Protein chains: 2
Amino acid sequence: MKFCNLCGAPLILLVPPGDNFPRHVCSVCGEIHYRNPKLVVGCIAEWNERILLCRRAIEPRHGRWTLPAGFMENGETTQQAAVRETCEEACARVEIDALASLISIPAFDQVHLFYRGRLVDGDFGAGAESLESALFTEADIPWSEIAFQSVTLALRAYFADRTAGRFLLHEHDLHC
Amino acid sequence: MKFCNLCGAPLILLVPPGDNFPRHVCSVCGEIHYRNPKLVVGCIAEWNERILLCRRAIEPRHGRWTLPAGFMENGETTQQAAVRETCEEACARVEIDALASLISIPAFDQVHLFYRGRLVDGDFGAGAESLESALFTEADIPWSEIAFQSVTLALRAYFADRTAGRFLLHEHDLHC
């Protein structure tokens, strides 16, 4: 980050008055450019006790399996983000039940939210960012081919809860 | 957002190939500048059945009462953000129990998280952004002087749970 996105002038890194952190501040218009963590929101979508996974058609982790998930957009709620990502990546309609996992990844400036949900009609497919989608029983989850550690954590917590017969919110910190 | 913060060239609003939303794209270097919701993280900190509130010394809502909360910073976890904000705004040390409320505010591109916690030693004060801090019983909460609707929602859910003798995660969408 080198230039002000409002006026185009060079930025200076300094701690503004009353602040505790260095910020990128415009040398001309004085605008403070904050940088904050991003939310990645996804869905653990079940159909007949099987879970919907997508195989990634994009980097990073091309060819690996993941839960449908992606960056939350402005103007939507977290549940709307989970529904949209499941539609975009797996061409599937889902009804959301509740938040299942919240995972902070401070090294990547991200917070991942995974919701529990159910496919509406069992239909699914491969969106533009997926090579394919498929339903997996717990025994068939391709654990060694999961794209992201947060997805592994969310899936393991989900299956443990399902076995226990009750669902909780699981919170994890991932230090990469 | 008018200029690229990497090279200073003008931005163009367009839907990049493979995307579904208009983005600000640099006309020279091609960088895509995404804008995403921000996390606001705070704490419902209890001490002897009373809740810690801060009276705001800054706009918006100068003079109104709020839970200690603020924008999550890069490089921290959500719980670390709740602890830091409670320290900065109320000069109080807090131990976190669990997430109590998640509130999406799509019109403001924000997601608010409020954790339940307990003051470590009962000490508190007024940080740079607070006029004062104080502990309130449920009966004494100044409901008509609360700064933000999300804080009202989180407090009401907290007291309802405390009365019921069990704590849940509450999820709300605020449409302003």
# chains A, B, ... in the order shown; residues from 1 in each chain; ligands from 1
$ calpha_fit_and_write --fixed "chain B" --moving "chain A" --output "PDB file with C-alpha atoms, in the first residue's frame"
ATOM      1  CA  MET A   1     -11.941   4.724  -4.072  1.00  0.00           C
ATOM      2  CA  LYS A   2     -10.441   6.386  -7.187  1.00  0.00           C
ATOM      3  CA  PHE A   3      -6.742   5.487  -7.335  1.00  0.00           C
ATOM      4  CA  CYS A   4      -4.698   2.275  -7.125  1.00  0.00           C
ATOM      5  CA  ASN A   5      -2.926   2.078  -3.757  1.00  0.00           C
ATOM      6  CA  LEU A   6      -0.083   0.076  -5.363  1.00  0.00           C
ATOM      7  CA  CYS A   7       0.804   2.273  -8.379  1.00  0.00           C
ATOM      8  CA  GLY A   8      -1.332   5.439  -8.002  1.00  0.00           C
ATOM      9  CA  ALA A   9      -3.082   5.050 -11.389  1.00  0.00           C
ATOM     10  CA  PRO A  10      -6.872   5.615 -11.805  1.00  0.00           C
ATOM     11  CA  LEU A  11      -9.266   2.763 -10.955  1.00  0.00           C
ATOM     12  CA  ILE A  12     -12.069   1.487 -13.190  1.00  0.00           C
ATOM     13  CA  LEU A  13     -15.242  -0.168 -11.865  1.00  0.00           C
ATOM     14  CA  LEU A  14     -15.848  -3.441 -13.755  1.00  0.00           C
ATOM     15  CA  VAL A  15     -16.715  -7.107 -13.240  1.00  0.00           C
ATOM     16  CA  PRO A  16     -13.411  -9.002 -13.603  1.00  0.00           C
ATOM     17  CA  PRO A  17     -13.391 -12.244 -15.665  1.00  0.00           C
ATOM     18  CA  GLY A  18     -14.713 -15.125 -13.536  1.00  0.00           C
ATOM     19  CA  ASP A  19     -16.191 -12.764 -10.941  1.00  0.00           C
ATOM     20  CA  ASN A  20     -19.840 -11.945 -10.199  1.00  0.00           C
ATOM     21  CA  PHE A  21     -19.467  -8.485  -8.678  1.00  0.00           C
ATOM     22  CA  PRO A  22     -18.148  -5.096  -9.901  1.00  0.00           C
ATOM     23  CA  ARG A  23     -14.704  -4.369  -8.454  1.00  0.00           C
ATOM     24  CA  HIS A  24     -12.327  -1.427  -8.506  1.00  0.00           C
ATOM     25  CA  VAL A  25      -9.598  -2.541 -10.950  1.00  0.00           C
ATOM     26  CA  CYS A  26      -6.410  -0.586 -11.703  1.00  0.00           C
ATOM     27  CA  SER A  27      -6.290   0.753 -15.268  1.00  0.00           C
ATOM     28  CA  VAL A  28      -2.487   0.318 -15.383  1.00  0.00           C
ATOM     29  CA  CYS A  29      -1.278  -2.546 -13.160  1.00  0.00           C
ATOM     30  CA  GLY A  30      -4.559  -4.541 -13.188  1.00  0.00           C
ATOM     31  CA  GLU A  31      -4.713  -4.988  -9.404  1.00  0.00           C
ATOM     32  CA  ILE A  32      -8.229  -5.796  -8.167  1.00  0.00           C
ATOM     33  CA  HIS A  33      -9.148  -3.857  -5.026  1.00  0.00           C
ATOM     34  CA  TYR A  34     -11.696  -5.862  -3.049  1.00  0.00           C
ATOM     35  CA  ARG A  35     -13.805  -4.304  -0.308  1.00  0.00           C
ATOM     36  CA  ASN A  36     -15.126  -6.597   2.390  1.00  0.00           C
ATOM     37  CA  PRO A  37     -17.080  -6.333   5.651  1.00  0.00           C
ATOM     38  CA  LYS A  38     -15.235  -5.433   8.833  1.00  0.00           C
ATOM     39  CA  LEU A  39     -15.405  -7.195  12.168  1.00  0.00           C
ATOM     40  CA  VAL A  40     -16.255  -5.207  15.293  1.00  0.00           C
ATOM     41  CA  VAL A  41     -15.445  -7.241  18.416  1.00  0.00           C
ATOM     42  CA  GLY A  42     -16.446  -6.497  21.996  1.00  0.00           C
ATOM     43  CA  CYS A  43     -17.008  -7.958  25.425  1.00  0.00           C
ATOM     44  CA  ILE A  44     -19.878  -8.356  27.897  1.00  0.00           C
ATOM     45  CA  ALA A  45     -17.667  -8.312  30.995  1.00  0.00           C
ATOM     46  CA  GLU A  46     -19.280  -9.290  34.313  1.00  0.00           C
ATOM     47  CA  TRP A  47     -18.177  -8.552  37.875  1.00  0.00           C
ATOM     48  CA  ASN A  48     -20.391  -9.561  40.833  1.00  0.00           C
ATOM     49  CA  GLU A  49     -23.391  -9.891  38.483  1.00  0.00           C
ATOM     50  CA  ARG A  50     -22.845  -6.390  37.133  1.00  0.00           C
ATOM     51  CA  ILE A  51     -21.857  -5.521  33.543  1.00  0.00           C
ATOM     52  CA  LEU A  52     -19.119  -3.096  32.506  1.00  0.00           C
ATOM     53  CA  LEU A  53     -20.199  -0.275  30.196  1.00  0.00           C
ATOM     54  CA  CYS A  54     -18.240   2.700  28.822  1.00  0.00           C
ATOM     55  CA  ARG A  55     -19.570   6.162  28.020  1.00  0.00           C
ATOM     56  CA  ARG A  56     -18.264   7.276  24.631  1.00  0.00           C
ATOM     57  CA  ALA A  57     -15.862  10.224  24.415  1.00  0.00           C
ATOM     58  CA  ILE A  58     -15.889  10.132  20.601  1.00  0.00           C
ATOM     59  CA  GLU A  59     -18.342  10.322  17.743  1.00  0.00           C
ATOM     60  CA  PRO A  60     -20.568   8.704  16.697  1.00  0.00           C
ATOM     61  CA  ARG A  61     -22.866   8.730  19.727  1.00  0.00           C
ATOM     62  CA  HIS A  62     -20.650  10.874  21.957  1.00  0.00           C
ATOM     63  CA  GLY A  63     -21.894  10.628  25.566  1.00  0.00           C
ATOM     64  CA  ARG A  64     -23.840   7.377  25.031  1.00  0.00           C
ATOM     65  CA  TRP A  65     -23.098   4.104  26.831  1.00  0.00           C
ATOM     66  CA  THR A  66     -21.686   1.052  25.064  1.00  0.00           C
ATOM     67  CA  LEU A  67     -19.956  -2.256  25.634  1.00  0.00           C
ATOM     68  CA  PRO A  68     -16.189  -2.047  25.141  1.00  0.00           C
ATOM     69  CA  ALA A  69     -15.784  -2.938  21.435  1.00  0.00           C
ATOM     70  CA  GLY A  70     -13.977  -1.867  18.308  1.00  0.00           C
ATOM     71  CA  PHE A  71     -12.599  -2.856  14.925  1.00  0.00           C
ATOM     72  CA  MET A  72     -10.577  -6.080  14.929  1.00  0.00           C
ATOM     73  CA  GLU A  73      -6.934  -5.509  13.951  1.00  0.00           C
ATOM     74  CA  ASN A  74      -4.796  -7.546  11.566  1.00  0.00           C
ATOM     75  CA  GLY A  75      -2.642 -10.148  13.309  1.00  0.00           C
ATOM     76  CA  GLU A  76      -4.967 -10.920  16.208  1.00  0.00           C
ATOM     77  CA  THR A  77      -7.663 -13.492  17.007  1.00  0.00           C
ATOM     78  CA  THR A  78     -11.266 -12.522  17.707  1.00  0.00           C
ATOM     79  CA  GLN A  79     -10.827 -13.241  21.440  1.00  0.00           C
ATOM     80  CA  GLN A  80      -7.624 -11.187  21.546  1.00  0.00           C
ATOM     81  CA  ALA A  81      -9.567  -8.322  19.943  1.00  0.00           C
ATOM     82  CA  ALA A  82     -12.240  -8.536  22.668  1.00  0.00           C
ATOM     83  CA  VAL A  83      -9.580  -8.510  25.412  1.00  0.00           C
ATOM     84  CA  ARG A  84      -7.664  -5.615  23.785  1.00  0.00           C
ATOM     85  CA  GLU A  85     -10.758  -3.446  23.316  1.00  0.00           C
ATOM     86  CA  THR A  86     -11.816  -3.991  26.938  1.00  0.00           C
ATOM     87  CA  CYS A  87      -8.352  -2.936  28.038  1.00  0.00           C
ATOM     88  CA  GLU A  88      -8.195   0.100  25.708  1.00  0.00           C
ATOM     89  CA  GLU A  89     -11.683   1.468  26.363  1.00  0.00           C
ATOM     90  CA  ALA A  90     -12.273   0.464  30.000  1.00  0.00           C
ATOM     91  CA  CYS A  91      -8.723  -0.124  31.343  1.00  0.00           C
ATOM     92  CA  ALA A  92      -9.972  -3.535  32.482  1.00  0.00           C
ATOM     93  CA  ARG A  93      -8.487  -7.026  32.328  1.00  0.00           C
ATOM     94  CA  VAL A  94     -10.973  -9.662  31.226  1.00  0.00           C
ATOM     95  CA  GLU A  95     -11.062 -13.434  30.804  1.00  0.00           C
ATOM     96  CA  ILE A  96     -13.183 -14.607  27.893  1.00  0.00           C
ATOM     97  CA  ASP A  97     -15.769 -17.376  28.286  1.00  0.00           C
ATOM     98  CA  ALA A  98     -17.492 -17.798  24.906  1.00  0.00           C
ATOM     99  CA  LEU A  99     -19.080 -16.025  21.963  1.00  0.00           C
ATOM    100  CA  ALA A 100     -22.488 -14.642  22.963  1.00  0.00           C
ATOM    101  CA  SER A 101     -23.800 -12.729  19.919  1.00  0.00           C
ATOM    102  CA  LEU A 102     -23.001 -12.472  16.210  1.00  0.00           C
ATOM    103  CA  ILE A 103     -24.783  -9.574  14.518  1.00  0.00           C
ATOM    104  CA  SER A 104     -24.622  -8.868  10.770  1.00  0.00           C
ATOM    105  CA  ILE A 105     -25.241  -5.246   9.725  1.00  0.00           C
ATOM    106  CA  PRO A 106     -25.177  -5.425   5.905  1.00  0.00           C
ATOM    107  CA  ALA A 107     -26.021  -1.728   5.394  1.00  0.00           C
ATOM    108  CA  PHE A 108     -22.817  -0.819   7.255  1.00  0.00           C
ATOM    109  CA  ASP A 109     -20.700  -3.704   5.881  1.00  0.00           C
ATOM    110  CA  GLN A 110     -20.002  -4.858   9.436  1.00  0.00           C
ATOM    111  CA  VAL A 111     -20.256  -8.006  11.539  1.00  0.00           C
ATOM    112  CA  HIS A 112     -20.304  -7.487  15.323  1.00  0.00           C
ATOM    113  CA  LEU A 113     -19.103 -10.202  17.711  1.00  0.00           C
ATOM    114  CA  PHE A 114     -19.746  -9.916  21.458  1.00  0.00           C
ATOM    115  CA  TYR A 115     -18.024 -12.315  23.849  1.00  0.00           C
ATOM    116  CA  ARG A 116     -19.037 -13.169  27.375  1.00  0.00           C
ATOM    117  CA  GLY A 117     -16.260 -12.619  29.897  1.00  0.00           C
ATOM    118  CA  ARG A 118     -15.359 -11.868  33.516  1.00  0.00           C
ATOM    119  CA  LEU A 119     -13.243  -9.067  34.948  1.00  0.00           C
ATOM    120  CA  VAL A 120     -10.038 -10.499  36.401  1.00  0.00           C
ATOM    121  CA  ASP A 121      -9.763  -8.221  39.437  1.00  0.00           C
ATOM    122  CA  GLY A 122     -12.678  -5.786  39.329  1.00  0.00           C
ATOM    123  CA  ASP A 123     -10.455  -2.864  38.322  1.00  0.00           C
ATOM    124  CA  PHE A 124     -11.561  -0.572  35.504  1.00  0.00           C
ATOM    125  CA  GLY A 125     -11.240   3.005  34.326  1.00  0.00           C
ATOM    126  CA  ALA A 126     -11.734   5.277  31.330  1.00  0.00           C
ATOM    127  CA  GLY A 127      -9.580   4.783  28.234  1.00  0.00           C
ATOM    128  CA  ALA A 128      -8.851   7.563  25.725  1.00  0.00           C
ATOM    129  CA  GLU A 129     -12.132   6.953  23.858  1.00  0.00           C
ATOM    130  CA  SER A 130     -14.296   6.840  27.012  1.00  0.00           C
ATOM    131  CA  LEU A 131     -15.612   9.613  29.299  1.00  0.00           C
ATOM    132  CA  GLU A 132     -16.105   7.077  32.103  1.00  0.00           C
ATOM    133  CA  SER A 133     -16.768   3.395  32.739  1.00  0.00           C
ATOM    134  CA  ALA A 134     -19.136   1.852  35.273  1.00  0.00           C
ATOM    135  CA  LEU A 135     -20.662  -1.440  36.405  1.00  0.00           C
ATOM    136  CA  PHE A 136     -24.433  -1.826  36.020  1.00  0.00           C
ATOM    137  CA  THR A 137     -26.922  -4.318  37.388  1.00  0.00           C
ATOM    138  CA  GLU A 138     -29.510  -5.524  34.874  1.00  0.00           C
ATOM    139  CA  ALA A 139     -32.106  -3.216  36.471  1.00  0.00           C
ATOM    140  CA  ASP A 140     -29.822  -0.189  36.144  1.00  0.00           C
ATOM    141  CA  ILE A 141     -28.747  -0.528  32.479  1.00  0.00           C
ATOM    142  CA  PRO A 142     -29.423   2.886  30.849  1.00  0.00           C
ATOM    143  CA  TRP A 143     -31.348   1.356  27.922  1.00  0.00           C
ATOM    144  CA  SER A 144     -32.411   4.692  26.427  1.00  0.00           C
ATOM    145  CA  GLU A 145     -28.801   5.886  26.398  1.00  0.00           C
ATOM    146  CA  ILE A 146     -27.172   2.872  24.717  1.00  0.00           C
ATOM    147  CA  ALA A 147     -25.064   3.973  21.743  1.00  0.00           C
ATOM    148  CA  PHE A 148     -25.709   1.173  19.264  1.00  0.00           C
ATOM    149  CA  GLN A 149     -28.584  -1.186  18.489  1.00  0.00           C
ATOM    150  CA  SER A 150     -26.186  -4.155  18.317  1.00  0.00           C
ATOM    151  CA  VAL A 151     -25.143  -3.487  21.928  1.00  0.00           C
ATOM    152  CA  THR A 152     -28.797  -3.412  23.033  1.00  0.00           C
ATOM    153  CA  LEU A 153     -29.439  -6.739  21.254  1.00  0.00           C
ATOM    154  CA  ALA A 154     -26.354  -8.370  22.774  1.00  0.00           C
ATOM    155  CA  LEU A 155     -27.172  -7.157  26.300  1.00  0.00           C
ATOM    156  CA  ARG A 156     -30.838  -8.251  26.143  1.00  0.00           C
ATOM    157  CA  ALA A 157     -29.842 -11.725  24.872  1.00  0.00           C
ATOM    158  CA  TYR A 158     -27.216 -11.990  27.617  1.00  0.00           C
ATOM    159  CA  PHE A 159     -29.628 -11.136  30.440  1.00  0.00           C
ATOM    160  CA  ALA A 160     -32.291 -13.490  29.034  1.00  0.00           C
ATOM    161  CA  ASP A 161     -29.723 -16.310  28.984  1.00  0.00           C
ATOM    162  CA  ARG A 162     -28.518 -15.530  32.483  1.00  0.00           C
ATOM    163  CA  THR A 163     -32.094 -15.633  33.742  1.00  0.00           C
ATOM    164  CA  ALA A 164     -32.625 -18.956  31.932  1.00  0.00           C
ATOM    165  CA  GLY A 165     -29.488 -20.363  33.547  1.00  0.00           C
ATOM    166  CA  ARG A 166     -27.778 -21.292  30.273  1.00  0.00           C
ATOM    167  CA  PHE A 167     -25.899 -19.393  27.568  1.00  0.00           C
ATOM    168  CA  LEU A 168     -26.372 -19.796  23.808  1.00  0.00           C
ATOM    169  CA  LEU A 169     -24.909 -18.104  20.752  1.00  0.00           C
ATOM    170  CA  HIS A 170     -27.413 -15.535  19.466  1.00  0.00           C
ATOM    171  CA  GLU A 171     -27.377 -14.514  15.839  1.00  0.00           C
ATOM    172  CA  HIS A 172     -29.142 -11.415  14.552  1.00  0.00           C
ATOM    173  CA  ASP A 173     -29.302  -9.396  11.355  1.00  0.00           C
ATOM    174  CA  LEU A 174     -29.714  -5.652  11.795  1.00  0.00           C
ATOM    175  CA  HIS A 175     -31.294  -3.847   8.853  1.00  0.00           C
ATOM    176  CA  CYS A 176     -30.884  -0.124   9.444  1.00  0.00           C
TER     177      CYS A 176
END
$ select_by_dssp --residues "region 83-135 of chain A" --states "strand (DSSP E)" --output "number ranges by chain"
A: 94-105, 110-119, 130-135
$ select_by_dssp --residues "region 3-176 of chain A" --states "helix (DSSP H, G or I)" --output "PyMOL selection string"
chain A and resi 78-90+106-108+138-140+143-145+149-164
